$ cat run_11.cif   # mmCIF, C-alpha atoms
data_target
loop_
_atom_site.label_atom_id
_atom_site.label_comp_id
_atom_site.auth_asym_id
_atom_site.auth_seq_id
_atom_site.Cartn_x
_atom_site.Cartn_y
_atom_site.Cartn_z
CA MET R 887 -5.55 4.49 -6.58
CA PRO R 888 -3.62 4.63 -3.28
CA ARG R 889 -4.74 7.09 -0.61
CA PHE R 890 -1.76 8.56 1.19
CA ALA R 891 -1.82 10.04 4.69
CA ALA R 892 0.91 12.33 5.99
CA ASN R 893 2.41 11.31 9.30
CA LEU R 894 2.59 14.69 11.00
CA SER R 895 4.96 13.48 13.69
CA MET R 896 7.60 13.06 10.98
CA LEU R 897 6.61 15.18 7.98
CA PHE R 898 6.56 19.00 7.88
CA ASN R 899 8.35 18.92 11.23
CA ASP R 900 10.17 22.18 10.61
CA ALA R 901 6.85 23.78 11.65
CA PRO R 902 4.93 23.66 14.95
CA PHE R 903 2.57 20.69 15.11
CA LEU R 904 -0.69 22.57 14.59
CA GLU R 905 0.73 24.30 11.50
CA ARG R 906 1.55 21.01 9.78
CA PHE R 907 -2.08 20.30 8.87
CA ALA R 908 -2.16 23.26 6.49
CA ARG R 909 1.13 22.16 4.93
CA ALA R 910 -0.18 18.64 4.35
CA ALA R 911 -3.35 19.94 2.71
CA ALA R 912 -1.39 22.37 0.52
CA ALA R 913 0.73 19.45 -0.68
CA GLY R 914 -2.43 17.65 -1.80
CA LEU R 915 -2.59 15.06 0.96
CA ARG R 916 -6.08 14.37 2.27
CA GLY R 917 -5.37 12.17 5.25
CA VAL R 918 -3.14 12.61 8.30
CA GLU R 919 -1.85 10.42 11.08
CA PHE R 920 0.54 11.06 13.96
CA LEU R 921 1.90 9.36 17.03
CA PHE R 922 0.08 11.14 19.85
CA PRO R 923 -2.41 14.02 20.12
CA TYR R 924 -2.45 14.35 23.90
CA ASP R 925 -0.37 17.51 24.25
CA TYR R 926 -3.17 19.44 22.51
CA PRO R 927 -6.89 19.82 23.23
CA ALA R 928 -8.88 17.63 20.87
CA GLU R 929 -10.95 20.58 19.71
CA ARG R 930 -7.86 22.43 18.44
CA ILE R 931 -6.83 19.45 16.34
CA ALA R 932 -10.40 19.00 15.12
CA GLU R 933 -10.41 22.65 14.01
CA GLN R 934 -7.35 22.02 11.84
CA LEU R 935 -8.86 18.90 10.31
CA ASP R 936 -12.09 20.69 9.48
CA LYS R 937 -10.41 23.86 8.22
CA HIS R 938 -8.20 21.97 5.78
CA GLY R 939 -10.58 19.20 4.74
CA LEU R 940 -8.42 16.43 6.22
CA THR R 941 -9.30 12.97 7.49
CA GLN R 942 -7.71 11.77 10.72
CA VAL R 943 -6.60 8.26 9.83
CA LEU R 944 -4.73 6.96 12.87
CA PHE R 945 -3.02 7.78 16.16
CA ASN R 946 -1.64 5.81 19.09
CA LEU R 947 -2.95 5.10 22.55
CA PRO R 948 -0.92 6.76 25.33
CA PRO R 949 2.47 4.97 25.39
CA GLY R 950 3.63 5.56 28.95
CA ASP R 951 6.55 7.95 29.39
CA PHE R 952 7.64 8.26 25.76
CA ALA R 953 10.24 10.93 26.51
CA ALA R 954 11.89 8.58 29.00
CA GLY R 955 12.06 5.78 26.45
CA GLU R 956 8.87 3.84 27.08
CA ARG R 957 7.28 2.49 23.91
CA GLY R 958 3.84 1.38 24.94
CA LEU R 959 2.04 -0.28 27.82
CA ALA R 960 -0.03 -3.09 26.34
CA ALA R 961 2.38 -5.92 27.19
CA LEU R 962 3.68 -4.51 30.48
CA PRO R 963 2.62 -6.43 33.58
CA ASP R 964 1.48 -4.26 36.48
CA ARG R 965 0.55 -1.36 34.15
CA ALA R 966 -2.93 -2.62 33.24
CA ALA R 967 -4.77 0.15 35.08
CA GLU R 968 -2.74 2.82 33.31
CA PHE R 969 -3.33 1.08 29.98
CA ARG R 970 -7.10 1.04 30.54
CA GLU R 971 -7.12 4.71 31.44
CA GLY R 972 -5.27 5.35 28.18
CA VAL R 973 -7.88 3.42 26.22
CA ASP R 974 -10.62 5.70 27.53
CA ARG R 975 -8.57 8.82 26.83
CA ALA R 976 -7.83 7.70 23.28
CA ILE R 977 -11.49 6.94 22.63
CA ASP R 978 -12.41 10.47 23.67
CA TYR R 979 -9.87 11.89 21.20
CA ALA R 980 -10.92 9.50 18.45
CA ARG R 981 -14.55 10.52 18.72
CA ALA R 982 -13.65 14.21 18.68
CA LEU R 983 -11.37 13.78 15.64
CA GLY R 984 -13.53 11.36 13.66
CA CYS R 985 -10.69 8.82 13.74
CA THR R 986 -11.65 5.15 13.41
CA ARG R 987 -8.28 3.43 14.01
CA LEU R 988 -6.15 3.42 17.15
CA HIS R 989 -2.79 1.72 17.59
CA ALA R 990 -1.78 0.14 20.91
CA MET R 991 1.99 0.06 21.28
CA ALA R 992 3.15 -3.10 23.04
CA GLY R 993 6.19 -1.95 25.00
CA LEU R 994 9.75 -3.15 25.53
CA VAL R 995 11.04 -6.47 26.84
CA ALA R 996 13.42 -5.64 29.67
CA ASP R 997 13.94 -9.27 30.68
CA GLU R 998 13.40 -12.22 28.32
CA ALA R 999 12.34 -14.37 31.27
CA MET R 1000 9.31 -12.08 31.54
CA ARG R 1001 8.14 -12.70 27.98
CA PRO R 1002 5.48 -15.35 28.82
CA ARG R 1003 3.97 -13.10 31.48
CA MET R 1004 4.11 -10.15 29.10
CA ARG R 1005 2.32 -12.11 26.39
CA ALA R 1006 -0.48 -13.04 28.77
CA GLN R 1007 -0.84 -9.38 29.77
CA TYR R 1008 -0.75 -8.32 26.13
CA LEU R 1009 -3.60 -10.64 25.22
CA GLU R 1010 -5.65 -9.53 28.21
CA ASN R 1011 -5.15 -5.84 27.45
CA LEU R 1012 -5.82 -6.21 23.74
CA ARG R 1013 -9.05 -8.09 24.39
CA TYR R 1014 -10.18 -5.39 26.78
CA ALA R 1015 -9.23 -2.55 24.42
CA ALA R 1016 -10.78 -4.18 21.34
CA ARG R 1017 -14.09 -4.65 23.12
CA ARG R 1018 -14.10 -1.10 24.47
CA LEU R 1019 -13.33 0.27 21.01
CA GLN R 1020 -16.00 -1.94 19.46
CA GLU R 1021 -18.60 -0.10 21.55
CA HIS R 1022 -17.75 3.01 19.53
CA GLY R 1023 -17.26 1.40 16.12
CA LEU R 1024 -13.47 1.74 16.28
CA THR R 1025 -10.68 -0.58 15.12
CA LEU R 1026 -7.71 -1.50 17.31
CA LEU R 1027 -4.34 -2.00 15.64
CA ILE R 1028 -1.11 -3.66 16.72
CA GLU R 1029 2.17 -3.25 14.87
CA PRO R 1030 5.27 -5.43 14.60
CA ILE R 1031 8.26 -3.06 14.74
CA ASN R 1032 11.77 -3.95 13.62
CA SER R 1033 14.40 -4.63 16.26
CA ARG R 1034 16.85 -2.14 14.76
CA SER R 1035 14.61 0.91 15.10
CA ILE R 1036 13.31 -0.05 18.54
CA PRO R 1037 15.53 -2.69 20.17
CA GLY R 1038 13.58 -4.89 22.54
CA TYR R 1039 10.13 -4.13 21.14
CA PHE R 1040 7.72 -6.90 22.08
CA ILE R 1041 6.59 -7.99 18.59
CA ASN R 1042 8.76 -7.76 15.49
CA ARG R 1043 7.27 -9.88 12.69
CA GLN R 1044 3.98 -9.93 10.84
CA ALA R 1045 3.42 -13.60 11.68
CA GLU R 1046 3.55 -12.75 15.40
CA GLY R 1047 0.90 -10.08 15.04
CA HIS R 1048 -1.44 -12.21 12.97
CA ALA R 1049 -1.06 -15.15 15.35
CA ILE R 1050 -2.35 -12.87 18.10
CA LEU R 1051 -5.32 -11.89 15.91
CA ALA R 1052 -6.14 -15.54 15.37
CA GLU R 1053 -5.84 -16.35 19.07
CA LEU R 1054 -8.04 -13.49 20.26
CA GLY R 1055 -10.60 -13.58 17.46
CA GLU R 1056 -11.78 -10.01 18.08
CA PRO R 1057 -13.36 -8.76 14.82
CA ASN R 1058 -12.09 -5.20 15.19
CA LEU R 1059 -8.48 -6.14 15.99
CA LYS R 1060 -6.10 -5.78 13.02
CA VAL R 1061 -2.38 -5.54 12.27
CA GLN R 1062 -0.52 -2.59 10.82
CA MET R 1063 1.84 -3.63 8.06
CA ASP R 1064 4.59 -1.06 7.87
CA PHE R 1065 6.60 -2.14 4.83
CA PHE R 1066 9.68 -0.46 6.32
CA HIS R 1067 9.63 -2.65 9.41
CA ALA R 1068 8.61 -5.76 7.49
CA GLN R 1069 11.41 -5.38 4.94
CA ILE R 1070 14.05 -5.08 7.66
CA MET R 1071 12.79 -8.07 9.65
CA GLU R 1072 11.63 -10.48 6.97
CA GLY R 1073 11.56 -9.14 3.40
CA ASP R 1074 9.47 -11.00 0.81
CA LEU R 1075 6.96 -8.18 1.12
CA ALA R 1076 4.50 -9.13 -1.60
CA THR R 1077 4.19 -12.71 -0.43
CA THR R 1078 3.95 -11.64 3.20
CA TYR R 1079 1.19 -9.16 2.39
CA ARG R 1080 -0.76 -11.70 0.32
CA ARG R 1081 -0.50 -14.23 3.14
CA PHE R 1082 -1.86 -11.88 5.79
CA GLN R 1083 -3.90 -9.32 3.86
CA ALA R 1084 -7.22 -10.28 5.46
CA GLY R 1085 -5.86 -9.15 8.83
CA VAL R 1086 -4.08 -6.00 7.66
CA GLY R 1087 -5.85 -2.91 8.94
CA HIS R 1088 -3.39 -0.20 7.95
CA VAL R 1089 -0.29 0.16 5.78
CA GLN R 1090 2.71 2.45 6.25
CA ILE R 1091 5.73 3.18 4.06
CA ALA R 1092 9.27 4.54 4.17
CA GLY R 1093 12.45 4.02 2.20
CA VAL R 1094 14.71 1.19 3.38
CA PRO R 1095 17.25 1.22 4.97
CA ASP R 1096 17.35 4.89 5.98
CA ARG R 1097 13.64 5.65 6.50
CA HIS R 1098 13.63 8.54 4.05
CA GLU R 1099 11.24 9.12 1.15
CA PRO R 1100 9.80 5.92 -0.35
CA ASP R 1101 11.38 6.58 -3.74
CA THR R 1102 14.82 5.80 -2.27
CA GLY R 1103 16.34 2.53 -1.15
CA GLU R 1104 15.72 -1.11 -1.83
CA VAL R 1105 11.91 -1.41 -1.91
CA ASN R 1106 9.96 -1.17 -5.19
CA TYR R 1107 7.01 0.78 -3.86
CA PRO R 1108 5.15 1.33 -7.17
CA TYR R 1109 4.92 -2.46 -7.43
CA LEU R 1110 3.50 -2.63 -3.90
CA TYR R 1111 0.98 0.16 -4.55
CA GLN R 1112 -0.29 -1.81 -7.52
CA LEU R 1113 -0.42 -4.95 -5.39
CA LEU R 1114 -2.51 -3.14 -2.78
CA ASP R 1115 -4.91 -1.91 -5.45
CA ASP R 1116 -5.18 -5.32 -7.07
CA SER R 1117 -5.85 -6.94 -3.68
CA GLY R 1118 -8.77 -4.61 -2.97
CA TYR R 1119 -7.08 -2.79 -0.10
CA ASP R 1120 -9.25 0.27 0.50
CA GLY R 1121 -7.47 1.80 3.49
CA TRP R 1122 -4.90 4.55 3.76
CA ILE R 1123 -1.15 4.35 3.30
CA GLY R 1124 0.62 6.23 6.07
CA CYS R 1125 3.75 8.14 5.02
CA GLU R 1126 5.84 7.55 8.13
CA TYR R 1127 9.30 8.59 6.99
CA SER R 1128 11.96 11.16 7.84
CA PRO R 1129 12.37 13.66 5.00
CA ARG R 1130 15.90 14.21 3.74
CA GLY R 1131 15.23 17.95 3.77
CA LEU R 1132 12.14 20.13 3.51
CA THR R 1133 9.17 17.78 3.22
CA GLU R 1134 7.74 19.48 0.12
CA GLU R 1135 11.04 19.14 -1.72
CA GLY R 1136 10.90 15.37 -1.31
CA LEU R 1137 7.30 14.86 -2.49
CA GLY R 1138 8.14 14.27 -6.14
CA TRP R 1139 7.30 10.60 -5.64
CA TYR R 1140 3.81 11.55 -4.45
CA SER R 1141 3.01 13.82 -7.41
CA ARG R 1142 2.92 10.74 -9.63
CA TRP R 1143 0.09 9.24 -7.55
CA ARG R 1144 -2.11 12.29 -6.91
#

$ encode --input "run_11.cif" --output "structure tokens"
Amino acid sequence: MPRFAANLSMLFNDAPFLERFARAAAAGLRGVEFLFPYDYPAERIAEQLDKHGLTQVLFNLPPGDFAAGERGLAALPDRAAEFREGVDRAIDYARALGCTRLHAMAGLVADEAMRPRMRAQYLENLRYAARRLQEHGLTLLIEPINSRSIPGYFINRQAEGHAILAELGEPNLKVQMDFFHAQIMEGDLATTYRRFQAGVGHVQIAGVPDRHEPDTGEVNYPYLYQLLDDSGYDGWIGCEYSPRGLTEEGLGWYSRWR
């Protein structure tokens, strides 16, 4: 039986952030994820989790200046000190929220000639972060993101992410498989998941191509939910989509899996 987590950066976003936890719980969801918690004291978020019986599934390390267009620091040369400060800050939040998975966004490639240097920095930063997180029993995640949603993002395909896992060999480093991104970049979702499932640490969903509810578009999600169950996947499925209207009005797909 799949366990679905509401992405509160995208769902229920007609309400202020701290009011979305109650909405998720009222809709029957028992897990939540979001992009970043850092605009709010950890204790205020923890209060919402405890009050509504929710599990914090995932959030991201500080991404740099997100409002200015930055999309992560992990692969950016000359930003290693800032990245390491972000690792410590994220660990503090994770411990306060009872969250066991943190995602390190890679960043954007501004100049293709810099890619080899960026990859070296990425590996160095991921090794550092994985070992720091391991001290606290936490899992570090990386995510290939499609080049349409975020042009220039450093990694785009599942094979790239899993090659990095193999190269680093850190036991608590895993790859997020967002079926939305994977469908846009490579398709063949079932075969791709089966190939890499041992290294998949988190799954996310959205309808393709428009990133709305997962009961729209070209992906047969009920088939994939069954595949995840049959494979023994015991993690959460993050609902990272943009509702077509009021979130609750689009949750008919979820009522079939509650």

$ closest_atom_pairs --input "run_11.cif" --of "region 986-1066 of chain R" --to "region 946-968 of chain R" --cutoff "6 Å" --atoms "all atoms listed in the file" --output "CSV"
residue,atom,partner,partner_atom,distance
R:Leu988,CA,R:Asn946,CA,5.5
R:His989,CA,R:Asn946,CA,4.5
R:Ala990,CA,R:Leu947,CA,5.4
R:Met991,CA,R:Gly958,CA,4.3
R:Ala992,CA,R:Ala960,CA,4.6
R:Gly993,CA,R:Gly958,CA,4.1
R:Met1004,CA,R:Ala961,CA,5.0
R:Gln1007,CA,R:Ala961,CA,5.4
R:Tyr1008,CA,R:Ala961,CA,4.1
R:Asn1011,CA,R:Ala960,CA,5.9

$ residues_near_point --input "run_11.cif" --point "(-12.7, 4.9, 18.0)" --cutoff "6 Å" --atoms "only C-alpha atoms" --output "PyMOL selection string"
chain R and resi 977+980-981+986+1019+1022+1024

$ write_last_selection --input "run_11.cif" --atoms "C-alpha atoms" --output "compact mmCIF listing (two decimals), keeping the file's coordinate frame"
# COMPACT_ATOMS: atom_id res chain seq x y z
CA ILE R 977 -11.49 6.94 22.63
CA ALA R 980 -10.92 9.50 18.45
CA ARG R 981 -14.55 10.52 18.72
CA THR R 986 -11.65 5.15 13.41
CA LEU R 1019 -13.33 0.27 21.01
CA HIS R 1022 -17.75 3.01 19.53
CA LEU R 1024 -13.47 1.74 16.28

$ atom_distance --input "run_11.cif" --atom1 "CA of Thr1078 (chain R)" --atom2 "CA of Met1063 (chain R)"
9.6 Å

$ resolve_selection --input "run_11.cif" --expression "the PyMOL selection byres ((chain R and resi 911-921) around 8)" --output "number ranges by chain"
R: 889-896, 907-910, 922-923, 938-946, 1122, 1124, 1134, 1144

$ atom_distance --input "run_11.cif" --atom1 "CA of Leu897 (chain R)" --atom2 "CA of Gly984 (chain R)"
21.3 Å

$ closest_residue --input "run_11.cif" --among "R:Leu1059, R:Ile1050, R:Leu1012, R:Met1071" --to "Ile1031 (chain R)" --atoms "all atoms listed in the file"
R:Met1071

$ closest_residue --input "run_11.cif" --among "R:Leu1110, R:Val1061, R:Ala1068, R:Ala901" --to "Val1094 (chain R)" --atoms "all atoms listed in the file"
R:Ala1068

$ residues_around --input "run_11.cif" --residues "Leu983 (chain R)" --least-positions-apart "4" --cutoff "9 Å" --atoms "only C-alpha atoms" --output "list of chain:residue names"
R:Ala928, R:Glu929, R:Ile931, R:Ala932, R:Leu935, R:Thr941, R:Gln942, R:Asp978, R:Tyr979

$ write_last_selection --input "run_11.cif" --atoms "C-alpha atoms" --output "PDB file, in the coordinates of the input"
ATOM      1  CA  ALA R 928      -8.880  17.630  20.870  1.00  0.00           C
ATOM      2  CA  GLU R 929     -10.950  20.580  19.710  1.00  0.00           C
ATOM      3  CA  ILE R 931      -6.830  19.450  16.340  1.00  0.00           C
ATOM      4  CA  ALA R 932     -10.400  19.000  15.120  1.00  0.00           C
ATOM      5  CA  LEU R 935      -8.860  18.900  10.310  1.00  0.00           C
ATOM      6  CA  THR R 941      -9.300  12.970   7.490  1.00  0.00           C
ATOM      7  CA  GLN R 942      -7.710  11.770  10.720  1.00  0.00           C
ATOM      8  CA  ASP R 978     -12.410  10.470  23.670  1.00  0.00           C
ATOM      9  CA  TYR R 979      -9.870  11.890  21.200  1.00  0.00           C
TER      10      TYR R 979
END

$ resolve_selection --input "run_11.cif" --expression "the PyMOL selection byres ((chain R and resi 1032-1036) around 7)" --output "list of chain:residue names"
R:Pro1030, R:Ile1031, R:Pro1037, R:Gly1038, R:Tyr1039, R:Asn1042, R:His1067, R:Ile1070, R:Met1071

$ closest_residue --input "run_11.cif" --among "R:Phe1040, R:Phe1082, R:Phe969, R:Tyr1014" --to "Asp997 (chain R)" --atoms "all atoms listed in the file"
R:Phe1040

$ atom_distance --input "run_11.cif" --atom1 "CA of Gly1103 (chain R)" --atom2 "CA of Tyr1079 (chain R)"
19.5 Å

$ closest_residue --input "run_11.cif" --among "R:Gly1093, R:Pro927, R:Gly1055, R:Gly972" --to "Trp1139 (chain R)" --atoms "only C-alpha atoms"
R:Gly1093

$ closest_residue --input "run_11.cif" --among "R:Arg970, R:Arg975, R:Arg1001, R:Arg930" --to "Ile1041 (chain R)" --atoms "only C-alpha atoms"
R:Arg1001

$ closest_residue --input "run_11.cif" --among "R:Gln1069, R:Thr1025, R:Gln1083, R:Ser1128" --to "Ala976 (chain R)" --atoms "only C-alpha atoms"
R:Thr1025
